$ cat structure.csv   # CSV, C-alpha atoms
chain,number,residue,atom,x,y,z
A,1,MET,CA,7.1,-36.2,-2.5
A,2,PRO,CA,4.4,-37.1,-5.1
A,3,ALA,CA,4.8,-40.4,-6.8
A,4,GLY,CA,6.9,-40.2,-9.9
A,5,GLU,CA,8.5,-36.8,-9.0
A,6,ASP,CA,12.0,-38.3,-9.0
A,7,ASP,CA,11.5,-39.5,-12.6
A,8,ARG,CA,10.6,-36.1,-14.0
A,9,PRO,CA,13.1,-34.2,-16.2
A,10,LYS,CA,15.1,-31.5,-14.4
A,11,LYS,CA,13.6,-28.7,-16.6
A,12,THR,CA,9.9,-29.4,-16.4
A,13,PRO,CA,7.9,-26.9,-18.5
A,14,SER,CA,5.3,-24.9,-16.6
A,15,ALA,CA,1.6,-25.1,-17.4
A,16,LEU,CA,1.7,-21.9,-19.6
A,17,THR,CA,5.1,-22.3,-21.2
A,18,GLY,CA,4.7,-21.2,-24.8
A,19,ILE,CA,1.8,-18.7,-24.1
A,20,ARG,CA,2.7,-15.1,-24.8
A,21,VAL,CA,0.8,-12.3,-23.0
A,22,LEU,CA,0.8,-8.6,-23.8
A,23,ALA,CA,0.0,-6.7,-20.6
A,24,LEU,CA,-1.4,-3.2,-21.1
A,25,GLU,CA,-1.6,-2.7,-17.3
A,26,VAL,CA,-1.2,-0.3,-14.4
A,27,SER,CA,-1.5,-0.3,-10.7
A,28,VAL,CA,-2.7,-3.6,-9.0
A,29,ALA,CA,-5.5,-5.5,-10.6
A,30,GLY,CA,-4.0,-6.0,-14.1
A,31,PRO,CA,-0.5,-6.6,-12.8
A,32,HIS,CA,-1.7,-9.2,-10.2
A,33,CYS,CA,-3.5,-11.1,-13.0
A,34,SER,CA,-0.4,-11.2,-15.3
A,35,ARG,CA,1.9,-12.0,-12.3
A,36,ILE,CA,-0.1,-15.2,-11.8
A,37,LEU,CA,0.2,-16.1,-15.5
A,38,GLY,CA,3.9,-15.3,-15.4
A,39,ASP,CA,4.4,-17.5,-12.4
A,40,MET,CA,2.9,-20.4,-14.3
A,41,GLY,CA,5.3,-20.0,-17.2
A,42,ALA,CA,3.6,-17.5,-19.6
A,43,GLU,CA,5.9,-15.0,-21.3
A,44,VAL,CA,4.4,-11.7,-20.0
A,45,ILE,CA,5.4,-8.6,-21.9
A,46,LYS,CA,4.5,-5.5,-19.8
A,47,LEU,CA,4.0,-2.2,-21.7
A,48,GLU,CA,5.5,0.7,-19.7
A,49,LYS,CA,5.9,4.4,-20.3
A,50,PRO,CA,9.6,5.4,-20.9
A,51,GLY,CA,11.1,7.3,-18.1
A,52,THR,CA,8.4,6.6,-15.5
A,53,GLY,CA,7.0,3.2,-16.1
A,54,ASP,CA,3.9,1.8,-14.4
A,55,LEU,CA,2.7,4.4,-11.8
A,56,ILE,CA,3.1,1.8,-9.0
A,57,ARG,CA,6.9,2.0,-9.5
A,58,ASN,CA,6.8,5.3,-7.7
A,59,TRP,CA,4.5,4.5,-4.8
A,60,ASP,CA,7.4,4.0,-2.4
A,61,SER,CA,11.1,3.0,-2.2
A,62,ALA,CA,10.8,0.4,0.5
A,63,VAL,CA,12.7,-2.4,-1.2
A,64,ARG,CA,16.3,-1.0,-1.3
A,65,GLY,CA,15.0,1.8,-3.5
A,66,LEU,CA,12.4,-0.2,-5.4
A,67,SER,CA,8.6,0.1,-4.9
A,68,SER,CA,7.2,-2.6,-2.7
A,69,GLY,CA,4.1,-2.7,-4.9
A,70,TYR,CA,6.1,-3.1,-8.1
A,71,VAL,CA,8.2,-5.9,-6.6
A,72,TRP,CA,5.1,-7.7,-5.3
A,73,LEU,CA,3.3,-7.6,-8.7
A,74,ASN,CA,5.8,-7.7,-11.5
A,75,GLY,CA,8.1,-10.6,-11.1
A,76,ASN,CA,8.4,-13.0,-14.1
A,77,LYS,CA,7.7,-10.2,-16.6
A,78,ARG,CA,9.5,-8.5,-19.4
A,79,SER,CA,9.4,-4.7,-19.4
A,80,PHE,CA,8.8,-3.1,-22.8
A,81,ALA,CA,9.2,0.7,-22.4
A,82,ILE,CA,8.0,2.5,-25.5
A,83,ASP,CA,6.1,5.7,-26.2
A,84,VAL,CA,2.8,4.6,-27.9
A,85,LYS,CA,1.7,8.2,-28.3
A,86,LYS,CA,4.2,8.4,-31.1
A,87,LYS,CA,3.4,6.7,-34.4
A,88,ALA,CA,6.5,4.6,-34.5
A,89,GLY,CA,5.9,3.3,-30.9
A,90,LEU,CA,2.3,2.4,-31.7
A,91,GLU,CA,3.5,0.6,-34.8
A,92,ALA,CA,5.9,-1.5,-32.7
A,93,LEU,CA,3.1,-2.3,-30.2
A,94,HIS,CA,0.8,-3.4,-33.0
A,95,ARG,CA,3.5,-5.6,-34.4
A,96,LEU,CA,3.9,-7.2,-31.0
A,97,ALA,CA,0.1,-7.6,-30.6
A,98,ASP,CA,0.1,-9.7,-33.8
A,99,ARG,CA,2.4,-12.2,-32.1
A,100,VAL,CA,0.7,-12.9,-28.7
A,101,ASP,CA,-1.9,-15.3,-27.5
A,102,VAL,CA,-3.4,-13.0,-24.8
A,103,ILE,CA,-3.9,-9.3,-24.5
A,104,LEU,CA,-4.8,-8.1,-21.0
A,105,GLU,CA,-5.7,-4.4,-20.4
A,106,ASN,CA,-6.9,-2.7,-17.3
A,107,PHE,CA,-7.3,0.9,-18.6
A,108,ALA,CA,-10.5,2.8,-18.4
A,109,PRO,CA,-13.0,1.7,-21.0
A,110,GLY,CA,-12.3,3.2,-24.4
A,111,VAL,CA,-8.6,4.0,-23.8
A,112,ALA,CA,-7.4,0.8,-25.6
A,113,ASP,CA,-9.8,1.6,-28.5
A,114,ARG,CA,-8.4,5.1,-28.9
A,115,MET,CA,-4.9,3.5,-29.0
A,116,GLY,CA,-6.0,1.3,-31.9
A,117,MET,CA,-5.6,-1.6,-29.5
A,118,GLY,CA,-9.2,-2.4,-28.8
A,119,ALA,CA,-10.7,-5.8,-28.6
A,120,ALA,CA,-13.0,-5.6,-31.7
A,121,GLU,CA,-10.2,-4.6,-34.0
A,122,LEU,CA,-7.5,-7.0,-32.8
A,123,CYS,CA,-9.9,-10.0,-32.4
A,124,SER,CA,-11.2,-9.5,-35.9
A,125,ARG,CA,-7.6,-9.6,-37.2
A,126,HIS,CA,-6.6,-12.5,-35.0
A,127,PRO,CA,-9.4,-15.0,-34.4
A,128,ARG,CA,-7.3,-17.1,-31.9
A,129,LEU,CA,-6.6,-14.0,-29.8
A,130,ILE,CA,-7.9,-13.9,-26.2
A,131,TYR,CA,-8.5,-10.4,-25.1
A,132,CYS,CA,-9.3,-9.6,-21.5
A,133,SER,CA,-10.5,-6.1,-20.4
A,134,LEU,CA,-10.4,-5.6,-16.6
A,135,SER,CA,-12.2,-2.4,-15.6
A,136,GLY,CA,-14.0,-0.8,-12.7
A,137,TYR,CA,-17.6,-1.4,-13.8
A,138,GLY,CA,-17.3,-3.3,-17.1
A,139,GLN,CA,-17.5,-2.3,-20.7
A,140,ASP,CA,-21.1,-1.1,-20.7
A,141,GLY,CA,-23.9,0.1,-18.3
A,142,PRO,CA,-24.5,3.5,-16.7
A,143,TYR,CA,-21.3,3.3,-14.6
A,144,ARG,CA,-19.0,2.3,-17.4
A,145,ASP,CA,-17.0,5.6,-17.4
A,146,VAL,CA,-17.0,6.2,-13.6
A,147,LYS,CA,-13.5,6.2,-12.2
A,148,ALA,CA,-12.8,3.2,-10.1
A,149,TYR,CA,-10.3,2.5,-7.3
A,150,ASP,CA,-10.3,-0.4,-4.8
A,151,LEU,CA,-11.5,1.9,-2.0
A,152,LEU,CA,-14.3,3.3,-4.1
A,153,ILE,CA,-15.6,-0.1,-5.2
A,154,GLN,CA,-15.4,-1.4,-1.6
A,155,GLY,CA,-17.9,1.4,-0.9
A,156,GLU,CA,-20.1,1.0,-3.9
A,157,ALA,CA,-20.3,-2.8,-3.6
A,158,GLY,CA,-21.3,-3.0,0.1
A,159,ILE,CA,-17.9,-4.1,1.5
A,160,ILE,CA,-17.4,-1.1,3.7
A,161,ALA,CA,-21.0,-1.1,5.0
A,162,THR,CA,-20.5,-4.6,6.3
A,163,THR,CA,-17.0,-4.2,7.7
A,164,GLY,CA,-15.9,-2.5,10.9
A,165,TYR,CA,-17.7,-1.9,14.2
A,166,PRO,CA,-21.3,-0.7,14.8
A,167,ASP,CA,-20.3,2.9,15.3
A,168,LYS,CA,-17.7,3.0,12.6
A,169,PRO,CA,-17.3,1.3,9.2
A,170,ALA,CA,-13.9,0.3,7.8
A,171,LYS,CA,-12.3,-0.7,4.5
A,172,VAL,CA,-10.6,-4.1,4.2
A,173,GLY,CA,-6.9,-3.5,4.8
A,174,LEU,CA,-5.7,-5.2,1.6
A,175,PRO,CA,-6.9,-4.1,-1.9
A,176,ILE,CA,-9.4,-6.9,-1.9
A,177,ILE,CA,-11.3,-5.7,-4.9
A,178,ASP,CA,-8.2,-5.5,-7.1
A,179,LEU,CA,-7.3,-9.0,-6.0
A,180,ALA,CA,-10.7,-10.5,-6.5
A,181,SER,CA,-11.1,-9.0,-10.0
A,182,SER,CA,-7.6,-10.0,-11.0
A,183,MET,CA,-8.2,-13.6,-10.0
A,184,TYR,CA,-11.5,-13.7,-12.0
A,185,ALA,CA,-9.5,-12.2,-14.9
A,186,THR,CA,-7.0,-15.0,-14.5
A,187,VAL,CA,-9.7,-17.7,-14.4
A,188,GLY,CA,-11.4,-16.1,-17.4
A,189,ILE,CA,-8.2,-16.1,-19.5
A,190,MET,CA,-7.4,-19.7,-18.5
A,191,LEU,CA,-10.9,-20.8,-19.4
A,192,ALA,CA,-10.7,-19.0,-22.8
A,193,LEU,CA,-7.3,-20.7,-23.4
A,194,TYR,CA,-8.8,-24.1,-22.6
A,195,GLN,CA,-11.8,-23.5,-24.8
A,196,ARG,CA,-9.5,-22.4,-27.6
A,197,GLU,CA,-8.0,-25.8,-27.6
A,198,LYS,CA,-11.4,-27.2,-28.5
A,199,THR,CA,-12.7,-24.6,-30.9
A,200,GLY,CA,-9.5,-23.0,-32.3
A,201,ARG,CA,-11.0,-19.6,-31.6
A,202,GLY,CA,-10.2,-16.9,-29.0
A,203,GLN,CA,-12.7,-14.7,-27.3
A,204,PHE,CA,-13.3,-11.5,-25.4
A,205,VAL,CA,-13.2,-11.6,-21.6
A,206,ASP,CA,-14.9,-8.7,-19.8
A,207,ILE,CA,-14.1,-8.5,-16.1
A,208,SER,CA,-15.5,-5.8,-13.7
A,209,MET,CA,-14.1,-4.9,-10.3
A,210,PHE,CA,-17.6,-4.0,-9.2
A,211,GLU,CA,-19.1,-7.4,-10.3
A,212,SER,CA,-16.2,-9.3,-8.7
A,213,ALA,CA,-17.0,-7.6,-5.4
A,214,VAL,CA,-20.8,-8.2,-5.7
A,215,ALA,CA,-20.1,-11.8,-6.4
A,216,TRP,CA,-18.2,-12.0,-3.1
A,217,LEU,CA,-21.2,-10.7,-1.0
A,218,GLY,CA,-21.9,-14.3,-0.1
A,219,TYR,CA,-24.9,-14.8,2.3
A,220,PHE,CA,-25.7,-11.1,2.7
A,221,PRO,CA,-28.0,-10.8,-0.4
A,222,HIS,CA,-29.9,-13.9,0.8
A,223,HIS,CA,-30.6,-12.5,4.2
A,224,TYR,CA,-31.8,-9.3,2.5
A,225,TRP,CA,-34.0,-11.0,0.0
A,226,HIS,CA,-35.5,-13.5,2.4
A,227,GLN,CA,-35.3,-11.7,5.8
A,228,GLY,CA,-35.4,-8.1,4.7
A,229,GLU,CA,-32.1,-7.7,6.7
A,230,GLU,CA,-29.2,-5.3,6.1
A,231,PRO,CA,-26.2,-6.9,7.7
A,232,ALA,CA,-24.9,-5.0,10.8
A,233,ARG,CA,-21.2,-4.4,11.4
A,234,VAL,CA,-19.9,-6.9,13.9
A,235,GLY,CA,-16.2,-6.0,14.3
A,236,MET,CA,-14.1,-9.1,14.5
A,237,ARG,CA,-17.1,-11.4,14.8
A,238,HIS,CA,-19.1,-13.5,12.3
A,239,HIS,CA,-22.4,-11.9,11.2
A,240,TYR,CA,-24.4,-15.1,11.7
A,241,VAL,CA,-22.4,-17.5,13.9
A,242,THR,CA,-21.3,-16.9,17.5
A,243,PRO,CA,-19.0,-17.4,19.4
A,244,TYR,CA,-16.7,-16.8,16.4
A,245,GLY,CA,-13.6,-14.6,16.2
A,246,PRO,CA,-10.7,-13.3,18.3
A,247,TYR,CA,-11.1,-13.0,22.1
A,248,LEU,CA,-8.6,-11.2,24.3
A,249,ALA,CA,-6.9,-13.2,27.0
A,250,SER,CA,-5.7,-11.9,30.3
A,251,ASP,CA,-2.2,-11.3,29.0
A,252,GLY,CA,-3.3,-9.1,26.2
A,253,VAL,CA,-3.0,-11.7,23.4
A,254,TYR,CA,-6.0,-12.6,21.2
A,255,VAL,CA,-7.1,-16.2,20.8
A,256,ASN,CA,-9.1,-16.9,17.6
A,257,LEU,CA,-11.8,-19.6,17.6
A,258,ALA,CA,-14.9,-20.8,15.7
A,259,VAL,CA,-17.9,-22.5,17.3
A,260,ALA,CA,-19.8,-23.4,14.2
A,261,THR,CA,-22.1,-26.4,15.1
A,262,ALA,CA,-24.3,-27.5,18.0
A,263,GLN,CA,-21.7,-30.1,18.9
A,264,ASP,CA,-19.0,-27.5,18.9
A,265,TRP,CA,-21.1,-25.3,21.3
A,266,GLU,CA,-21.4,-28.2,23.7
A,267,ILE,CA,-17.7,-29.0,23.6
A,268,PHE,CA,-16.8,-25.3,24.0
A,269,CYS,CA,-19.1,-24.9,27.1
A,270,ARG,CA,-18.1,-28.2,28.8
A,271,GLN,CA,-14.4,-28.5,28.0
A,272,VAL,CA,-13.0,-25.1,27.0
A,273,ILE,CA,-14.7,-22.5,29.2
A,274,GLU,CA,-16.1,-25.0,31.8
A,275,ARG,CA,-19.6,-23.5,31.8
A,276,PRO,CA,-22.0,-26.4,31.1
A,277,ASP,CA,-24.8,-24.2,32.6
A,278,LEU,CA,-24.8,-22.2,29.4
A,279,LEU,CA,-26.1,-25.3,27.6
A,280,GLU,CA,-29.4,-25.0,29.5
A,281,ASP,CA,-29.8,-21.3,29.0
A,282,ALA,CA,-32.7,-20.8,26.5
A,283,ARG,CA,-31.0,-17.6,25.1
A,284,PHE,CA,-28.1,-19.7,23.8
A,285,LYS,CA,-29.7,-23.1,22.9
A,286,THR,CA,-29.5,-22.7,19.1
A,287,SER,CA,-27.3,-20.9,16.6
A,288,GLU,CA,-30.2,-18.5,15.8
A,289,ALA,CA,-30.8,-17.9,19.5
A,290,ARG,CA,-27.1,-17.2,20.2
A,291,ARG,CA,-27.1,-14.8,17.3
A,292,LYS,CA,-30.2,-12.9,18.6
A,293,ASN,CA,-28.5,-12.6,22.0
A,294,ARG,CA,-25.0,-12.1,20.7
A,295,VAL,CA,-24.3,-8.9,22.8
A,296,VAL,CA,-25.0,-10.7,26.1
A,297,LEU,CA,-23.2,-13.9,25.1
A,298,GLU,CA,-20.1,-12.2,23.7
A,299,GLU,CA,-19.8,-9.9,26.7
A,300,LEU,CA,-19.9,-13.1,28.9
A,301,ILE,CA,-17.3,-14.9,26.9
A,302,GLU,CA,-15.0,-11.9,26.8
A,303,ARG,CA,-15.1,-11.7,30.6
A,304,ILE,CA,-14.3,-15.5,30.8
A,305,PHE,CA,-11.4,-15.2,28.4
A,306,GLN,CA,-10.0,-12.3,30.6
A,307,GLU,CA,-9.6,-14.8,33.4
A,308,ARG,CA,-6.7,-16.8,31.9
A,309,PRO,CA,-3.6,-16.2,29.6
A,310,HIS,CA,-3.7,-17.0,26.0
A,311,ASP,CA,-1.5,-20.1,26.2
A,312,GLU,CA,-4.0,-21.7,28.6
A,313,TRP,CA,-6.8,-21.1,26.2
A,314,LEU,CA,-4.8,-22.4,23.3
A,315,ARG,CA,-4.1,-25.6,25.2
A,316,ARG,CA,-7.7,-26.1,26.1
A,317,LEU,CA,-8.8,-25.5,22.5
A,318,GLN,CA,-6.2,-27.9,21.2
A,319,GLU,CA,-7.3,-30.6,23.6
A,320,SER,CA,-11.0,-30.0,22.6
A,321,ARG,CA,-10.1,-30.3,18.9
A,322,LEU,CA,-12.2,-27.2,18.1
A,323,PRO,CA,-10.9,-24.9,15.3
A,324,TYR,CA,-8.6,-22.3,16.8
A,325,GLY,CA,-5.7,-20.1,16.0
A,326,GLU,CA,-3.7,-17.0,16.9
A,327,VAL,CA,-3.9,-13.4,15.6
A,328,LYS,CA,-0.4,-12.9,14.2
A,329,GLY,CA,1.5,-9.8,13.1
A,330,ILE,CA,3.3,-9.7,9.7
A,331,GLY,CA,6.6,-10.5,11.3
A,332,GLN,CA,5.1,-13.5,13.0
A,333,VAL,CA,3.5,-14.6,9.7
A,334,LEU,CA,6.8,-14.4,7.8
A,335,ALA,CA,8.4,-16.6,10.5
A,336,HIS,CA,5.4,-19.0,10.6
A,337,PRO,CA,6.4,-22.6,10.8
A,338,GLN,CA,4.1,-23.4,7.8
A,339,VAL,CA,5.6,-20.6,5.8
A,340,ILE,CA,9.1,-22.1,6.5
A,341,ALA,CA,8.1,-25.7,5.9
A,342,ARG,CA,6.4,-25.0,2.6
A,343,GLN,CA,9.2,-22.6,1.4
A,344,MET,CA,6.7,-19.8,0.8
A,345,ILE,CA,9.5,-17.2,1.0
A,346,ARG,CA,11.6,-17.4,-2.2
A,347,GLU,CA,14.3,-15.2,-3.8
A,348,MET,CA,14.1,-13.3,-7.1
A,349,GLU,CA,16.6,-11.3,-9.0
A,350,SER,CA,16.0,-7.6,-9.3
A,351,PRO,CA,17.8,-4.4,-10.4
A,352,VAL,CA,19.1,-4.1,-6.8
A,353,GLY,CA,20.1,-7.8,-6.5
A,354,PRO,CA,18.4,-10.8,-5.1
A,355,ILE,CA,15.4,-9.9,-2.8
A,356,PRO,CA,12.9,-12.1,-0.9
A,357,VAL,CA,9.4,-12.5,-2.4
A,358,ILE,CA,6.3,-14.4,-1.4
A,359,GLY,CA,6.1,-17.5,-3.6
A,360,SER,CA,3.1,-18.6,-5.6
A,361,PRO,CA,0.4,-20.5,-3.7
A,362,LEU,CA,-0.3,-22.5,-6.9
A,363,ARG,CA,1.4,-25.9,-6.4
A,364,LEU,CA,0.9,-28.2,-9.4
A,365,SER,CA,2.9,-31.4,-9.3
A,366,ASP,CA,4.0,-31.1,-12.9
A,367,SER,CA,4.0,-27.3,-13.3
A,368,PRO,CA,6.6,-25.6,-11.2
A,369,ALA,CA,6.2,-21.9,-10.5
A,370,ARG,CA,8.8,-19.6,-11.9
A,371,PHE,CA,11.1,-17.3,-9.9
A,372,ASP,CA,12.9,-15.5,-12.6
A,373,ARG,CA,13.4,-11.7,-12.0
A,374,ILE,CA,11.7,-8.4,-11.5
A,375,PRO,CA,12.6,-6.2,-14.5
A,376,ALA,CA,14.2,-2.8,-14.5
A,377,LEU,CA,12.2,-0.3,-16.5
A,378,GLY,CA,12.7,-1.0,-20.2
A,379,GLN,CA,15.1,-3.8,-19.5
A,380,ASP,CA,13.7,-5.9,-22.3
A,381,THR,CA,12.8,-3.3,-24.9
A,382,GLU,CA,15.7,-3.9,-27.3
A,383,PRO,CA,15.5,-7.7,-27.2
A,384,ILE,CA,11.7,-7.6,-27.8
A,385,LEU,CA,12.2,-5.2,-30.7
A,386,ARG,CA,14.8,-7.5,-32.2
A,387,GLU,CA,12.3,-10.4,-31.9
A,388,LEU,CA,9.9,-8.3,-33.8
A,389,GLY,CA,12.3,-7.9,-36.6
A,390,TYR,CA,13.8,-4.5,-35.9
A,391,ASP,CA,17.5,-4.1,-36.8
A,392,ASP,CA,20.2,-2.0,-35.1
A,393,ALA,CA,19.6,1.0,-37.3
A,394,GLU,CA,15.9,1.0,-36.7
A,395,ILE,CA,16.3,0.6,-32.9
A,396,GLU,CA,18.8,3.5,-32.9
A,397,LYS,CA,16.3,5.7,-34.8
A,398,LEU,CA,13.6,4.9,-32.2
A,399,ARG,CA,16.1,5.9,-29.5
A,400,ARG,CA,17.0,9.2,-31.3
A,401,ASP,CA,13.3,10.0,-31.8
A,402,GLN,CA,12.8,9.3,-28.0
A,403,VAL,CA,10.3,6.5,-28.8
A,404,ILE,CA,12.2,4.2,-26.5
$ encode --input "structure.csv" --output "C-alpha cells"
Amino acid sequence: MPAGEDDRPKKTPSALTGIRVLALEVSVAGPHCSRILGDMGAEVIKLEKPGTGDLIRNWDSAVRGLSSGYVWLNGNKRSFAIDVKKKAGLEALHRLADRVDVILENFAPGVADRMGMGAAELCSRHPRLIYCSLSGYGQDGPYRDVKAYDLLIQGEAGIIATTGYPDKPAKVGLPIIDLASSMYATVGIMLALYQREKTGRGQFVDISMFESAVAWLGYFPHHYWHQGEEPARVGMRHHYVTPYGPYLASDGVYVNLAVATAQDWEIFCRQVIERPDLLEDARFKTSEARRKNRVVLEELIERIFQERPHDEWLRRLQESRLPYGEVKGIGQVLAHPQVIARQMIREMESPVGPIPVIGSPLRLSDSPARFDRIPALGQDTEPILRELGYDDAEIEKLRRDQVI
C-alpha cells in the first residue's frame, strides 16, 4: 500500500471530478475515449438516438440480453436520448453544450457542423471549451470524406500488409485502430485541459484514425527509408529479431520467448536448448545474420522444441532468466493470477443487474477509478433536462412531441 494511503479520506475525488463531457459518439473509437474519461471521474453525457441508441447497442445480446460492445465501452456514462433532428431536441442539446468543458464527436467530418454543433461555432461562443473531433482521416486532406472503419484503416495504413503469414495477410483481431485513435484523443483532451489551466483557453483537437495507425508503424518506415525494404509478413515472429515468438512444444502447447541480445542468444543456446554449437555457426553469429537466415534457424528451433513438453521448456527458460511466457486463451487470461491479484475484474451495475467488467488499467494513487453503472437507453434524459432548467410541463411536451 502506498505511503499515506491510510490517511486519505474515504471519498477521494477522481482526477477528472468536476469535468463535464458531452459525447456525440457512436461505435468504438469515441466511446472508448469517453469511457477512459468517465473512469477517471468525468461526468460523461452520451447523446443517443431515442428508441435505438448507439448502433453498438444492437451488435449482439451476449451479456444477458445486452450488447457486449456497449457494456465494454459505456460504463460510467449518462445516457441522454433525444431526437436532435427536431428543433426542440437540438435546442436542448445546444443548452447542454453551453454547460460542458469538453465536447467529443466521432461523426464523419461535417456532420456536427450540419447539426449546428461544429467546433468553430461552439468554440467561438465558449472560449474555454475543448472540442475533440475523432474521424477516419482528419478534418482536411483528400481522404477527409472517405468512409472509415477499423478494418479499412488497417488496410490503408499498412497494418494488414505487415500482419499474418507470407502466403496470407491478416487483420489484427482487436479493433486496434479504434483503440489507438481513442487513446490519442484521450491524451489530446487531457493535454488541452492541462493547457487550459495555464491559459484559460480551450482549443480544438483533431484526431485521425489513419494518422494514429501510421504513428504506430514503428521501425517499418525507417527500414523502408534507409534499406528500401518493405516488411515481409512473419506470422508469430518478430520482423527483425529471432528467435522471438511462440514455439510449439511436443505436447501441443506453445511456449513464448524472446531472444533479444547477444547475451540472450548465448544463454538460450547453452542453457535452454543445449546447443552451444550454434554459437559457432557463422549463419547465426549476429542478430543481422540470424535474421537473414531466419528460415533455417526457426525450422531448427521448431524441431528442437518438438522434442520436449511445454512445462520442461518453461522450467528451462525460468532457470535461464530469459523473457518467456505462455500463449493463453481468454478463459485462462480471465483466471490469470495477476488478473486476480490486481483485482482487474470488477463489477458494475447495469439494466440487467450487476455484471463483471474489466477494470481500468489506470492506477493513480490519489485518483481511484470509478465503477458506477452502465446506463439503460435514455436513463438520464429527464434528470439532465431538469439540470438544464426544463420543468415538468416542458419535459412532458417533449415526450408528447416524441423528442424524447
$ closest_residue --input "structure.csv" --among "A:Thr162, A:Glu288, A:Ala92, A:Leu73" --to "A:Arg386" --atoms "only C-alpha atoms"
A:Ala92
$ atom_distance --input "structure.csv" --atom1 "atom CA of A:Leu174" --atom2 "atom CA of A:Lys46"
23.7 Å
$ residues_around --input "structure.csv" --residues "stretch 124-138 of chain A" --least-positions-apart "3" --cutoff "7 Å" --atoms "all atoms listed in the file" --output "JSON, numbers by chain"
{"A": [30, 101, 102, 103, 104, 105, 106, 107, 108, 109, 119, 120, 121, 143, 144, 148, 185, 189, 192, 200, 201, 202, 203, 204, 205, 206, 207, 208, 209, 210]}
$ closest_residue --input "structure.csv" --among "A:Arg95, A:Val272, A:Leu248, A:Pro50" --to "A:Ser79" --atoms "all atoms listed in the file"
A:Pro50
$ closest_atom_pairs --input "structure.csv" --of "stretch 318-401 of chain A" --to "stretch 63-70 of chain A" --cutoff "10 Å" --atoms "all atoms listed in the file" --output "tab-separated table"
residue	atom	partner	partner_atom	distance
A:Ser350	CA	A:Leu66	CA	9.1
A:Pro351	CA	A:Leu66	CA	8.5
A:Val352	CA	A:Arg64	CA	6.9
A:Gly353	CA	A:Arg64	CA	9.4
A:Ile355	CA	A:Val63	CA	8.1
A:Pro356	CA	A:Val63	CA	9.7
A:Ile374	CA	A:Tyr70	CA	8.4
A:Pro375	CA	A:Tyr70	CA	9.6
A:Ala376	CA	A:Leu66	CA	9.6
$ build_atoms --input "structure.csv" --residues "stretch 308-319 of chain A" --atoms "N, CA and C atoms" --output "compact mmCIF listing (two decimals), keeping the file's coordinate frame"
# COMPACT_ATOMS: atom_id res chain seq x y z
N ARG A 308 -7.86 -15.92 32.06
CA ARG A 308 -6.70 -16.80 31.90
C ARG A 308 -5.81 -16.27 30.74
N PRO A 309 -4.51 -16.61 30.74
CA PRO A 309 -3.60 -16.20 29.60
C PRO A 309 -3.88 -16.98 28.38
N HIS A 310 -3.37 -16.45 27.28
CA HIS A 310 -3.70 -17.00 26.00
C HIS A 310 -3.20 -18.46 25.81
N ASP A 311 -2.01 -18.78 26.39
CA ASP A 311 -1.50 -20.10 26.20
C ASP A 311 -2.37 -21.18 26.88
N GLU A 312 -3.04 -20.79 27.98
CA GLU A 312 -4.00 -21.70 28.60
C GLU A 312 -5.19 -21.96 27.74
N TRP A 313 -5.71 -20.91 27.10
CA TRP A 313 -6.80 -21.10 26.20
C TRP A 313 -6.45 -21.89 24.96
N LEU A 314 -5.27 -21.63 24.45
CA LEU A 314 -4.80 -22.40 23.30
C LEU A 314 -4.69 -23.88 23.62
N ARG A 315 -4.18 -24.16 24.81
CA ARG A 315 -4.10 -25.60 25.20
C ARG A 315 -5.43 -26.23 25.33
N ARG A 316 -6.38 -25.55 25.94
CA ARG A 316 -7.70 -26.10 26.10
C ARG A 316 -8.40 -26.32 24.72
N LEU A 317 -8.24 -25.35 23.84
CA LEU A 317 -8.80 -25.50 22.50
C LEU A 317 -8.19 -26.62 21.74
N GLN A 318 -6.88 -26.76 21.86
CA GLN A 318 -6.20 -27.90 21.20
C GLN A 318 -6.71 -29.21 21.70
N GLU A 319 -6.85 -29.33 23.00
CA GLU A 319 -7.30 -30.60 23.60
C GLU A 319 -8.77 -30.87 23.20
